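**Q** Sharing my_file18.txt, compact mmCIF, C-alpha atoms:
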# COMPACT_ATOMS: atom_id res chain seq x y z
CA MET A 1 61.44 -25.00 49.58
CA THR A 2 63.29 -26.13 52.68
CA SER A 3 61.32 -28.70 54.63
CA SER A 4 59.31 -27.20 57.47
CA ARG A 5 60.75 -29.73 59.92
CA THR A 6 64.33 -28.67 59.11
CA ALA A 7 63.47 -24.97 59.37
CA PHE A 8 61.54 -25.54 62.63
CA ALA A 9 64.47 -27.40 64.18
CA ALA A 10 66.93 -24.75 62.99
CA ILE A 11 64.97 -21.81 64.46
CA LEU A 12 64.13 -23.59 67.71
CA GLY A 13 67.73 -24.77 68.12
CA LYS A 14 69.01 -21.25 67.47
CA ASP A 15 66.67 -19.74 70.07
CA LEU A 16 67.47 -22.30 72.76
CA ARG A 17 71.21 -22.05 72.12
CA ALA A 18 71.08 -18.25 72.37
CA GLU A 19 69.04 -18.43 75.60
CA LEU A 20 71.37 -20.98 77.18
CA ARG A 21 74.32 -18.78 76.30
CA THR A 22 72.90 -15.45 77.43
CA LEU A 23 70.23 -16.44 80.02
CA GLN A 24 68.29 -13.30 79.16
CA SER A 25 64.76 -14.60 79.80
CA LEU A 26 64.60 -17.67 82.03
CA PRO A 27 66.45 -16.42 85.14
CA ALA A 28 64.38 -13.22 85.13
CA MET A 29 61.14 -15.21 84.83
CA ALA A 30 62.12 -17.57 87.65
CA LEU A 31 63.36 -14.79 89.92
CA PHE A 32 60.13 -12.86 89.36
CA ALA A 33 58.00 -15.90 90.22
CA ILE A 34 59.94 -16.75 93.37
CA THR A 35 59.82 -13.13 94.53
CA ALA A 36 56.06 -13.05 93.90
CA PHE A 37 55.61 -16.21 96.01
CA ILE A 38 57.57 -14.58 98.84
CA ILE A 39 55.42 -11.45 98.59
CA PHE A 40 52.22 -13.54 98.58
CA ARG A 41 53.41 -15.53 101.56
CA PHE A 42 54.03 -12.44 103.67
CA GLY A 43 51.28 -10.31 102.09
CA LEU A 44 48.60 -12.90 102.76
CA ASP A 45 50.22 -13.83 106.08
CA ARG A 46 49.49 -17.49 105.35
CA THR A 47 51.84 -20.46 105.43
CA SER A 48 49.31 -22.70 103.73
CA LEU A 49 46.97 -22.15 100.80
CA SER A 50 44.37 -24.37 99.23
CA GLY A 51 41.61 -24.41 96.62
CA SER A 52 40.89 -21.31 94.57
CA LEU A 53 43.30 -19.09 96.53
CA ALA A 54 46.22 -21.43 95.88
CA ALA A 55 45.22 -21.72 92.22
CA GLY A 56 44.94 -17.95 91.90
CA VAL A 57 48.36 -17.31 93.46
CA LEU A 58 50.00 -19.95 91.26
CA TRP A 59 48.47 -18.84 87.95
CA ALA A 60 48.73 -15.08 88.53
CA THR A 61 52.43 -15.55 89.28
CA LEU A 62 53.09 -17.81 86.30
CA LEU A 63 51.19 -15.49 83.94
CA PHE A 64 53.12 -12.37 84.94
CA ALA A 65 56.43 -14.27 84.88
CA ALA A 66 55.56 -15.48 81.36
CA VAL A 67 55.04 -11.88 80.22
CA LEU A 68 58.75 -11.23 80.85
CA GLY A 69 59.73 -14.00 78.43
CA ILE A 70 57.06 -13.09 75.90
CA ASN A 71 58.34 -9.51 75.78
CA ARG A 72 61.76 -10.71 74.66
CA LEU A 73 60.66 -13.49 72.34
CA PHE A 74 61.20 -11.62 69.05
CA VAL A 75 63.76 -9.06 70.18
CA SER A 76 66.67 -10.81 68.48
CA GLU A 77 64.69 -11.15 65.23
CA ARG A 78 63.85 -7.45 65.33
CA GLU A 79 67.18 -6.01 66.45
CA GLU A 80 69.55 -8.40 64.69
CA GLY A 81 67.72 -8.72 61.39
CA GLY A 82 66.36 -12.20 61.96
CA PHE A 83 63.02 -11.29 60.41
CA ASP A 84 64.71 -10.29 57.14
CA ALA A 85 66.95 -13.36 57.13
CA ILE A 86 63.95 -15.63 57.60
CA ARG A 87 61.87 -13.77 55.01
CA LEU A 88 64.68 -14.24 52.47
CA ALA A 89 64.85 -18.00 53.05
CA PRO A 90 62.75 -20.49 51.09
CA ILE A 91 60.67 -21.57 54.07
CA ASP A 92 57.03 -21.42 55.08
CA ARG A 93 56.94 -18.38 57.36
CA SER A 94 54.44 -20.04 59.67
CA VAL A 95 57.34 -22.25 60.74
CA LEU A 96 58.70 -19.24 62.62
CA PHE A 97 55.45 -19.08 64.58
CA GLY A 98 55.64 -22.78 65.40
CA ALA A 99 59.28 -22.58 66.46
CA LYS A 100 58.68 -19.54 68.68
CA VAL A 101 55.68 -21.24 70.32
CA ALA A 102 57.88 -24.26 70.97
CA ALA A 103 60.68 -22.10 72.39
CA LEU A 104 58.27 -20.29 74.70
CA LEU A 105 56.77 -23.63 75.72
CA VAL A 106 60.25 -24.84 76.71
CA TYR A 107 60.83 -21.65 78.72
CA LEU A 108 57.50 -22.07 80.55
CA ILE A 109 58.12 -25.72 81.34
CA ALA A 110 61.61 -24.87 82.63
CA LEU A 111 60.12 -22.05 84.69
CA GLU A 112 57.54 -24.40 86.22
CA LEU A 113 60.11 -27.10 86.94
CA VAL A 114 61.80 -24.57 89.21
CA THR A 115 58.89 -22.59 90.61
CA VAL A 116 56.07 -25.12 91.15
CA PRO A 117 58.11 -27.15 93.69
CA ILE A 118 58.96 -23.87 95.45
CA PHE A 119 55.25 -22.98 95.43
CA ALA A 120 54.50 -26.38 96.96
CA ILE A 121 57.13 -25.88 99.68
CA PHE A 122 55.85 -22.38 100.48
CA PHE A 123 52.11 -23.03 100.41
CA LEU A 124 51.00 -26.66 100.11
CA GLY A 125 50.75 -29.06 103.00
CA ASP A 126 49.74 -31.87 100.68
CA ALA A 127 51.57 -32.28 97.36
CA GLY A 128 49.18 -34.96 96.08
CA GLY A 129 47.58 -32.59 93.57
CA LEU A 130 50.86 -31.82 91.81
CA PHE A 131 50.90 -34.89 89.59
CA PRO A 132 47.53 -34.28 87.89
CA LEU A 133 48.47 -30.58 87.79
CA ILE A 134 51.03 -31.46 85.11
CA ALA A 135 48.23 -31.85 82.53
CA VAL A 136 46.78 -28.44 83.44
CA LEU A 137 50.21 -26.82 83.28
CA LEU A 138 50.99 -28.28 79.85
CA LEU A 139 47.66 -27.29 78.31
CA ALA A 140 47.76 -23.79 79.80
CA ASP A 141 51.41 -23.38 78.76
CA PHE A 142 50.57 -24.18 75.15
CA GLY A 143 47.72 -21.65 75.13
CA LEU A 144 49.91 -19.02 76.73
CA ALA A 145 52.74 -19.78 74.30
CA ALA A 146 50.44 -19.51 71.25
CA THR A 147 48.80 -16.26 72.39
CA GLY A 148 52.07 -14.82 73.67
CA THR A 149 53.90 -15.55 70.42
CA LEU A 150 51.14 -13.93 68.38
CA ILE A 151 51.03 -10.79 70.55
CA SER A 152 54.81 -10.57 70.81
CA SER A 153 55.21 -10.67 67.02
CA MET A 154 52.72 -7.82 66.68
CA ALA A 155 54.23 -5.72 69.47
CA VAL A 156 57.89 -6.18 68.64
CA ASN A 157 57.93 -3.44 66.01
CA SER A 158 56.48 -0.94 68.46
CA ARG A 159 58.61 1.24 70.71
CA ALA A 160 55.98 0.63 73.41
CA ARG A 161 56.59 -3.12 73.20
CA ASP A 162 56.95 -3.60 76.97
CA LEU A 163 53.61 -1.87 77.51
CA LEU A 164 51.76 -3.35 74.57
CA VAL A 165 52.38 -7.03 75.35
CA PRO A 166 50.72 -7.04 78.79
CA LEU A 167 47.97 -4.66 77.66
CA VAL A 168 46.88 -6.98 74.85
CA LEU A 169 47.94 -10.32 76.26
CA LEU A 170 46.31 -10.10 79.69
CA PRO A 171 42.72 -9.57 78.46
CA LEU A 172 43.19 -12.33 75.86
CA SER A 173 44.46 -14.72 78.52
CA VAL A 174 41.45 -14.23 80.84
CA PRO A 175 39.57 -17.30 79.47
CA LEU A 176 42.78 -19.33 79.75
CA MET A 177 43.30 -18.26 83.35
CA ILE A 178 39.66 -18.98 84.26
CA ALA A 179 40.00 -22.50 82.88
CA ALA A 180 43.46 -23.06 84.40
CA THR A 181 42.41 -21.92 87.88
CA GLY A 182 39.12 -23.82 87.53
CA ALA A 183 41.05 -27.02 86.82
CA THR A 184 43.66 -26.33 89.51
CA ASP A 185 41.22 -25.40 92.30
CA PRO A 186 39.95 -28.95 93.07
CA LEU A 187 43.45 -30.40 92.70
CA LEU A 188 44.73 -28.21 95.53
CA ALA A 189 41.65 -28.55 97.74
CA VAL A 190 41.92 -29.17 101.48
CA GLY A 191 42.00 -32.90 102.16
CA GLY A 192 43.65 -33.85 98.87
CA PRO A 193 42.83 -33.55 95.20
CA SER A 194 39.35 -34.06 93.82
CA TYR A 195 38.41 -34.15 90.15
CA ASP A 196 35.18 -32.16 90.20
CA ARG A 197 34.69 -30.74 86.64
CA PHE A 198 38.41 -31.35 86.04
CA GLY A 199 37.77 -32.87 82.61
CA THR A 200 35.52 -30.00 81.56
CA TRP A 201 38.19 -27.42 82.38
CA LEU A 202 40.81 -29.44 80.53
CA MET A 203 38.56 -29.42 77.46
CA VAL A 204 38.15 -25.65 77.74
CA LEU A 205 41.94 -25.32 77.89
CA GLY A 206 42.27 -27.59 74.87
CA LEU A 207 39.72 -25.53 72.95
CA TYR A 208 41.56 -22.30 73.79
CA ASP A 209 44.83 -23.88 72.61
CA LEU A 210 43.24 -25.02 69.38
CA ILE A 211 41.69 -21.63 68.60
CA PHE A 212 44.78 -19.54 69.30
CA GLY A 213 47.09 -22.09 67.72
CA LEU A 214 45.08 -21.99 64.50
CA VAL A 215 44.63 -18.19 64.56
CA GLY A 216 48.37 -17.72 65.05
CA TYR A 217 49.23 -20.14 62.27
CA ALA A 218 46.74 -18.48 59.91
CA VAL A 219 47.68 -14.84 60.45
CA PHE A 220 51.40 -15.03 61.18
CA ASP A 221 52.42 -14.87 57.52
CA PHE A 222 50.61 -11.53 57.18
CA LEU A 223 52.21 -10.15 60.32
CA LEU A 224 55.65 -10.58 58.76
CA GLU A 225 54.75 -8.46 55.72
CA ASP A 226 56.10 -4.91 55.69
CA MET B 227 59.52 -21.08 25.86
CA PRO B 228 62.16 -21.49 23.08
CA PRO B 229 65.77 -21.09 24.32
CA ALA B 230 66.34 -17.96 22.24
CA GLN B 231 63.36 -16.24 23.82
CA LYS B 232 64.28 -17.48 27.30
CA LYS B 233 67.70 -15.84 27.02
CA ALA B 234 66.07 -12.55 26.22
CA VAL B 235 64.12 -12.43 29.47
CA PRO B 236 65.87 -9.84 31.68
CA ALA B 237 66.95 -10.77 35.19
CA ILE B 238 65.18 -7.68 36.47
CA ARG B 239 62.44 -5.65 34.81
CA VAL B 240 61.04 -2.61 36.60
CA ALA B 241 58.47 -0.23 35.13
CA GLY B 242 56.78 2.77 36.77
CA LEU B 243 57.82 1.59 40.24
CA ARG B 244 56.40 3.61 43.11
CA ARG B 245 56.83 3.16 46.83
CA ASP B 246 55.26 5.46 49.40
CA TYR B 247 55.93 5.74 53.12
CA GLY B 248 52.66 7.24 54.28
CA ASP B 249 52.17 10.36 52.15
CA ARG B 250 55.83 10.61 51.20
CA PRO B 251 56.93 8.93 47.98
CA ALA B 252 60.32 7.25 48.37
CA LEU B 253 60.37 6.05 44.75
CA ASP B 254 58.25 7.32 41.90
CA GLY B 255 58.30 6.18 38.29
CA VAL B 256 61.51 4.15 38.43
CA GLY B 257 62.09 1.88 35.45
CA PHE B 258 64.96 -0.20 34.11
CA GLU B 259 65.87 -3.62 32.78
CA LEU B 260 68.93 -5.62 33.73
CA ALA B 261 70.20 -8.54 31.68
CA ALA B 262 71.24 -11.77 33.33
CA GLY B 263 74.90 -11.67 34.37
CA ALA B 264 75.09 -7.87 34.21
CA SER B 265 75.89 -5.40 36.99
CA LEU B 266 73.71 -2.42 37.79
CA VAL B 267 75.15 0.30 39.99
CA VAL B 268 72.59 2.49 41.74
CA LEU B 269 73.72 5.99 42.72
CA GLY B 270 71.91 8.75 44.53
CA SER B 271 72.01 11.04 47.51
CA ASN B 272 70.75 10.13 50.97
CA GLY B 273 67.00 9.56 50.96
CA ALA B 274 66.82 9.06 47.20
CA GLY B 275 65.31 5.60 47.65
CA LYS B 276 68.28 3.36 46.85
CA THR B 277 67.82 1.06 49.83
CA THR B 278 64.05 1.04 49.29
CA LEU B 279 64.59 -0.11 45.70
CA LEU B 280 66.93 -2.87 46.84
CA ARG B 281 64.50 -4.07 49.53
CA ILE B 282 61.66 -4.19 47.01
CA LEU B 283 63.81 -6.30 44.67
CA ALA B 284 64.68 -8.55 47.62
CA THR B 285 60.93 -9.04 48.35
CA LEU B 286 61.37 -7.41 51.77
CA LEU B 287 59.13 -4.45 50.85
CA ARG B 288 55.99 -4.36 48.75
CA PRO B 289 55.83 -1.83 45.93
CA SER B 290 53.01 0.72 46.15
CA GLY B 291 52.61 0.74 42.38
CA GLY B 292 54.21 -0.18 39.06
CA GLU B 293 55.55 -3.47 37.77
CA VAL B 294 58.50 -5.41 39.13
CA ALA B 295 59.70 -8.76 37.83
CA VAL B 296 62.82 -10.43 39.27
CA LEU B 297 64.23 -13.64 37.76
CA GLY B 298 60.95 -14.05 35.91
CA CYS B 299 58.79 -13.70 39.03
CA SER B 300 56.30 -10.89 39.29
CA LEU B 301 56.40 -9.03 42.62
CA PRO B 302 54.80 -9.07 45.07
CA ASP B 303 52.51 -11.92 43.94
CA GLU B 304 55.25 -14.42 43.15
CA ALA B 305 57.68 -13.35 45.88
CA TRP B 306 57.58 -16.82 47.41
CA LYS B 307 59.10 -18.27 44.23
CA LEU B 308 62.11 -15.99 44.60
CA ARG B 309 63.06 -16.83 48.17
CA GLY B 310 66.35 -18.61 48.32
CA ARG B 311 67.39 -17.35 44.87
CA ILE B 312 68.53 -13.93 46.06
CA GLY B 313 71.57 -12.93 48.08
CA TYR B 314 70.86 -9.75 50.01
CA LEU B 315 73.52 -7.68 51.74
CA GLY B 316 71.90 -4.79 53.59
CA HIS B 317 72.92 -2.20 56.16
CA GLU B 318 72.32 -4.72 58.93
CA PRO B 319 74.48 -7.87 58.87
CA LEU B 320 71.46 -10.14 59.61
CA LEU B 321 73.58 -12.12 62.05
CA TYR B 322 72.66 -13.10 65.60
CA ARG B 323 75.09 -11.44 68.00
CA ASP B 324 74.98 -14.23 70.58
CA LEU B 325 75.92 -16.94 68.11
CA SER B 326 79.33 -17.40 66.53
CA GLY B 327 79.90 -16.64 62.88
CA ARG B 328 80.01 -20.32 62.03
CA GLU B 329 76.80 -21.01 63.98
CA ASN B 330 75.09 -18.18 62.13
CA LEU B 331 76.17 -19.61 58.78
CA ARG B 332 75.05 -23.12 59.77
CA PHE B 333 71.68 -21.69 60.77
CA GLN B 334 71.34 -19.93 57.43
CA ALA B 335 72.44 -23.06 55.58
CA ARG B 336 69.67 -25.08 57.26
CA LEU B 337 67.09 -22.43 56.40
CA HIS B 338 68.21 -22.63 52.78
CA GLY B 339 67.99 -26.41 52.78
CA LEU B 340 71.71 -27.21 52.44
CA GLY B 341 72.58 -30.66 53.75
CA PRO B 342 75.07 -30.80 56.65
CA GLU B 343 78.07 -31.99 54.60
CA VAL B 344 77.45 -29.61 51.71
CA ALA B 345 76.90 -26.78 54.18
CA GLU B 346 80.13 -27.45 56.10
CA ALA B 347 82.18 -27.55 52.92
CA ARG B 348 80.58 -24.37 51.58
CA ILE B 349 80.97 -22.56 54.92
CA GLU B 350 84.68 -23.42 55.05
CA GLU B 351 85.12 -22.32 51.45
CA ILE B 352 83.55 -18.89 51.89
CA LEU B 353 85.06 -18.25 55.33
CA ARG B 354 88.48 -18.92 53.80
CA ALA B 355 87.65 -16.64 50.89
CA VAL B 356 87.06 -13.67 53.21
CA GLY B 357 89.85 -14.59 55.63
CA MET B 358 87.54 -15.36 58.54
CA GLN B 359 88.14 -19.05 59.23
CA ARG B 360 90.19 -18.35 62.39
CA ARG B 361 87.64 -15.95 63.91
CA ALA B 362 84.51 -17.81 62.85
CA ASP B 363 83.98 -19.49 66.21
CA GLU B 364 83.85 -16.21 68.13
CA ARG B 365 80.51 -14.65 69.00
CA VAL B 366 79.44 -12.06 66.45
CA ALA B 367 79.03 -9.51 69.29
CA GLU B 368 82.79 -9.73 69.91
CA LEU B 369 83.79 -9.05 66.30
CA SER B 370 84.62 -5.70 64.74
CA ALA B 371 82.24 -4.07 62.26
CA GLY B 372 84.52 -5.03 59.37
CA MET B 373 84.58 -8.67 60.41
CA ARG B 374 80.81 -8.69 60.76
CA GLN B 375 80.61 -7.32 57.22
CA ARG B 376 82.84 -10.15 55.99
CA LEU B 377 80.56 -12.67 57.70
CA SER B 378 77.54 -10.92 56.27
CA ILE B 379 79.01 -11.32 52.79
CA CYS B 380 79.43 -15.03 53.55
CA ARG B 381 75.77 -15.22 54.61
CA CYS B 382 74.76 -13.43 51.41
CA VAL B 383 76.48 -15.89 49.06
CA LEU B 384 76.23 -19.06 51.17
CA HIS B 385 73.38 -20.58 49.15
CA ARG B 386 74.86 -19.62 45.74
CA PRO B 387 72.14 -17.11 44.82
CA GLU B 388 71.30 -16.25 41.22
CA LEU B 389 71.04 -12.54 41.99
CA LEU B 390 73.08 -10.42 44.38
CA LEU B 391 71.54 -7.28 45.89
CA LEU B 392 74.32 -5.37 47.60
CA ASP B 393 73.79 -2.25 49.68
CA GLU B 394 77.12 -0.50 50.28
CA PRO B 395 79.03 -3.79 50.16
CA ASP B 396 82.36 -2.17 51.06
CA SER B 397 81.14 -0.45 54.20
CA ASN B 398 83.42 -1.09 57.20
CA LEU B 399 85.79 -3.21 55.10
CA ASP B 400 89.51 -2.46 55.02
CA VAL B 401 91.54 -2.66 51.81
CA GLU B 402 92.30 -6.34 52.33
CA GLY B 403 88.65 -7.07 53.09
CA ARG B 404 87.53 -5.32 49.91
CA GLU B 405 89.92 -7.34 47.80
CA LEU B 406 88.88 -10.61 49.42
CA ALA B 407 85.19 -9.78 49.08
CA ARG B 408 85.56 -9.25 45.34
CA GLU B 409 86.00 -12.97 44.85
CA LEU B 410 82.54 -13.63 46.30
CA ILE B 411 80.55 -10.56 45.26
CA GLY B 412 82.65 -8.97 42.51
CA PRO B 413 81.72 -8.65 38.82
CA GLY B 414 82.30 -12.37 38.21
CA ALA B 415 79.69 -13.34 40.80
CA GLY B 416 76.75 -13.10 38.38
CA THR B 417 73.85 -10.68 38.16
CA ARG B 418 74.31 -7.85 40.65
CA VAL B 419 72.62 -4.69 41.79
CA VAL B 420 75.03 -2.56 43.81
CA VAL B 421 73.89 0.48 45.78
CA THR B 422 76.78 2.77 46.58
CA HIS B 423 77.93 6.25 47.52
CA ASP B 424 81.33 5.46 46.02
CA PRO B 425 80.95 5.69 42.23
CA GLU B 426 84.71 5.70 41.62
CA ARG B 427 84.97 2.27 43.17
CA PHE B 428 82.03 0.62 41.45
CA LEU B 429 81.45 2.45 38.13
CA PRO B 430 84.28 0.58 36.37
CA GLU B 431 82.43 -2.67 37.16
CA ALA B 432 79.03 -1.41 36.01
CA ASP B 433 77.19 -2.50 32.88
CA GLN B 434 74.42 -0.03 33.69
CA VAL B 435 74.07 2.89 36.07
CA LEU B 436 70.82 4.08 37.64
CA ARG B 437 70.79 7.53 39.21
CA LEU B 438 68.05 8.20 41.72
CA GLY B 439 67.29 11.71 42.93
CA ILE B 440 64.87 13.06 45.49
CA GLY B 441 61.79 14.19 43.57
CA GLU B 442 63.50 13.50 40.23
CA THR B 443 62.95 10.91 37.54
CA ALA B 444 65.41 8.03 37.70
CA VAL B 445 68.01 8.15 34.91
CA LEU B 446 69.43 4.96 33.45
CA SER B 447 72.73 5.18 31.58
Give the structure from the file, written as structure tokens.

**A**
Amino acid sequence: MTSSRTAFAAILGKDLRAELRTLQSLPAMALFAITAFIIFRFGLDRTSLSGSLAAGVLWATLLFAAVLGINRLFVSEREEGGFDAIRLAPIDRSVLFGAKVAALLVYLIALELVTVPIFAIFFLGDAGGLFPLIAVLLLADFGLAATGTLISSMAVNSRARDLLVPLVLLPLSVPLMIAATGATDPLLAVGGPSYDRFGTWLMVLGLYDLIFGLVGYAVFDFLLED
Amino acid sequence: MPPAQKKAVPAIRVAGLRRDYGDRPALDGVGFELAAGASLVVLGSNGAGKTTLLRILATLLRPSGGEVAVLGCSLPDEAWKLRGRIGYLGHEPLLYRDLSGRENLRFQARLHGLGPEVAEARIEEILRAVGMQRRADERVAELSAGMRQRLSICRCVLHRPELLLLDEPDSNLDVEGRELARELIGPGAGTRVVVTHDPERFLPEADQVLRLGIGETAVLS
């Protein structure tokens, strides 16, 4: 058996190299998010947001932008035979799940590096809440990456892939979004960040990550069977 | 197991193999044995189940019934023991279009646990064998179908598999490509199962021939 670390690095490296070369997912995700911020800015007719409204705008935008990347996560494996190549190799198949979660995590972090500062410029008078927001973003990104990878692997064999991913993913991500907006709300409050129940929401995010990370790891092998 | 007995174990043993797609049987009652080092050529019309048989032997499909043992491993229960021991050349090249040929082979080499130096030497060797060393740094999407097939042959033999499962190995290859490919996947390459629509080309290389027909019993000769 090839070591899982070697296989993980090989699959992750392959995915990132292909994305850097083709830019099929990241630019679309970023463009979507920026366009959504512009629509919110004019739709809400507000130049400044705070509290739950700011948290809602941020997370709704990031979630829908993530769906674009999640839809394409396994397309190359499906259309170019990657699933077969990986199934023929002497590796633990769960490594593919881990590598895809990591790739999606990288996409989400790159997306947020671009879009969160733009969100702050568009809507936040005080950027003091952005630093503690990093912890919320990372925990929510992992949960979204784990759930998204699981759903994407199930949907990729369907012709209705583009429809199936949001239909299944969005209900599953409701608890994640509740916790993420709950943690973000006090950070973006008027008058600067507060930490009311911040730790509790972070623990909820951590629990969500743990559950979907373990579920994905446990069932992924079966999803690759014919 | 004593050496004499070990030698007698066939590379492939199939008995009463059945595979259904929904209600439709693609294979029914297929049986044969193939000795180590021998070549089996599988013939049959479209839809006779040739590719299905090959994918079952490659552990990519689960049989619906019957017994299948490949390289001493019972399928599907011991499929994990077989991974990395089989070279599979299917209809699809199993190459990523946005990577170059060399990058694809390096990726495969890492999945199969080849160290970097061993992998580089092996990749150069097989690229040279199929005449692809000058085009190996181009993206697969930019290559012709024949060149992709040459790269796919490289991918198939990269890890020195004990068993080759070849589905129409000559497809898209020109005369030169066919001759070059023989070195890697020809009769001297070890135990082979070759699915083909071109019996004239492959029958002279066959130790055994399996004829599959739609709704007919498989005939081994």

**Q** When you count all atoms listed in the file, which of these residues is closest to Asp393 of chain B: B:Ser290, B:Ser271, B:Gln375, B:Thr422?

**A**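 For Asp393 of chain B, the nearest of the candidates is B:Thr422.
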
**Q** Between B:Ala262, B:Leu287, B:Leu438, B:Leu320, single out the one closest to Ala415 of chain B, counting only C-alpha atoms.

**A**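 Distance minimum relative to Ala415 of chain B lands on B:Ala262.
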
**Q** Residues within 7 Å of Ser94 of chain A, please, as a PyMOL selection string. Count only C-alpha atoms; anything in the same chain fewer than 4 positions from it doesn't count.

**A** chain A and resi 98+217+220-221

**Q** Find the residues of chain B that sit at most 7 Å from chain A; for each, write down the nearest two atoms and how far apart they are in Å, to one decimal. Count only C-alpha atoms. Sort by chain, then by number going up, and give it as CSV.

**A**
residue,atom,partner,partner_atom,distance
B:Leu286,CA,A:Asp84,CA,6.9
B:Leu287,CA,A:Asp226,CA,5.7
B:Arg288,CA,A:Asp226,CA,7.0
B:Arg309,CA,A:Pro90,CA,4.7
B:Gly310,CA,A:Pro90,CA,4.9
B:Glu318,CA,A:Gly81,CA,6.6
B:Leu320,CA,A:Gly81,CA,4.4
B:Leu321,CA,A:Glu80,CA,6.1
B:Tyr322,CA,A:Glu80,CA,5.7
B:Asp324,CA,A:Ala18,CA,5.9
B:Leu325,CA,A:Ala18,CA,6.6
B:Phe333,CA,A:Ala10,CA,6.1
B:Arg336,CA,A:Ala10,CA,6.4
B:Leu337,CA,A:Ala7,CA,5.3
B:His338,CA,A:Ala89,CA,5.7
B:Gly339,CA,A:Thr2,CA,4.7

**Q** So how far away is atom CA of Asp396 of chain B from atom CA of Asp424 of chain B, in Å?

**A**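 So the two atoms, atom CA of Asp424 of chain B and atom CA of Asp396 of chain B, lie 9.2 Å apart.
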
**Q** Once you count all atoms listed in the file, which residues end up no further than 12 Å from (42.7, -21.1, 74.0) in the file's frame, shown as number ranges by chain?

**A** A: 139-148, 172-180, 201-216

**Q** Just checking: using all atoms listed in the file, which residue out of A:Tyr107, A:Trp59, A:Phe97, A:Phe40 ends up closest to Leu133 of chain A?

**A**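 So, comparing all the options, the nearest one is A:Trp59.
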
**Q** Which value, in Å to one decimal, gives the distance between atom CA of Ala103 of chain A and atom CA of Leu12 of chain A?

**A**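 So the answer is 6.0 Å.
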
**Q** Between A:Leu53, A:Val95, A:Leu130, A:Leu167, single out the one closest to Gly192 of chain A, counting only C-alpha atoms.

**A**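 Looking only at the distances to Gly192 of chain A, the closest residue turns out to be A:Leu130.
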
**Q** Could you jot down the atom CA of Ala54 of chain A to atom CA of Asp185 of chain A separation for me, Å, one decimal place?

**A**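 Pair atom CA of Ala54 of chain A / atom CA of Asp185 of chain A returns 7.3 Å.
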
**Q** Identify, on the basis of only C-alpha atoms, every residue whose closest approach to Gly292 of chain B does not exceed 12 Å; exclude the query and any residue fewer than 4 positions from it along the same chain; express the result as an NGL selection string.

**A** :B and (239-246 or 253-258 or 282 or 288 or 300-302)

**Q** For the point (60.9, 5.1, 52.7) in file coordinates, what residues are within 8 Å, counting all atoms listed in the file? Give the answer as a list in words?

**A**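 Residues satisfying the cut-off, written out: Arg245, Asp246, Tyr247, Arg250, Pro251, Ala252, Gly273, Gly275 and Thr278 of chain B.
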
**Q** Check the smallest atom-to-atom distance from each of B:Ala264, B:Leu340, B:Asp249, B:Asn272 to Asp433 of chain B using only C-alpha atoms, then report the winner.

**A**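 Among the listed residues, B:Ala264 lies closest to Asp433 of chain B.
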
**Q** As a ChimeraX atom specification, please: the residues near Leu283 of chain B (cut-off 8 Å, all atoms listed in the file, same-chain neighbours under 4 positions excluded).

**A** /B:279,287,294,296,391

**Q** Taking all atoms listed in the file into account, produce a table as a Markdown table in which each residue of segment 267-361 of chain B with an atom at most 6 Å from an atom of segment 381-386 of chain B appears once, together with its shortest atom pair and the distance in Å to one decimal, ordered by chain and rising number.

**A**
| residue | atom | partner | partner_atom | distance |
| --- | --- | --- | --- | --- |
| B:Gly313 | CA | B:Cys382 | CA | 4.6 |
| B:Tyr314 | CA | B:Cys382 | CA | 5.5 |
| B:Leu315 | CA | B:Cys382 | CA | 5.9 |

**Q** Output C-alpha atoms for every residue in that selection, as a PDB file, in the frame of the given file.

**A**
ATOM      1  CA  GLY B 313      71.570 -12.930  48.080  1.00  0.00           C
ATOM      2  CA  TYR B 314      70.860  -9.750  50.010  1.00  0.00           C
ATOM      3  CA  LEU B 315      73.520  -7.680  51.740  1.00  0.00           C
TER       4      LEU B 315
END
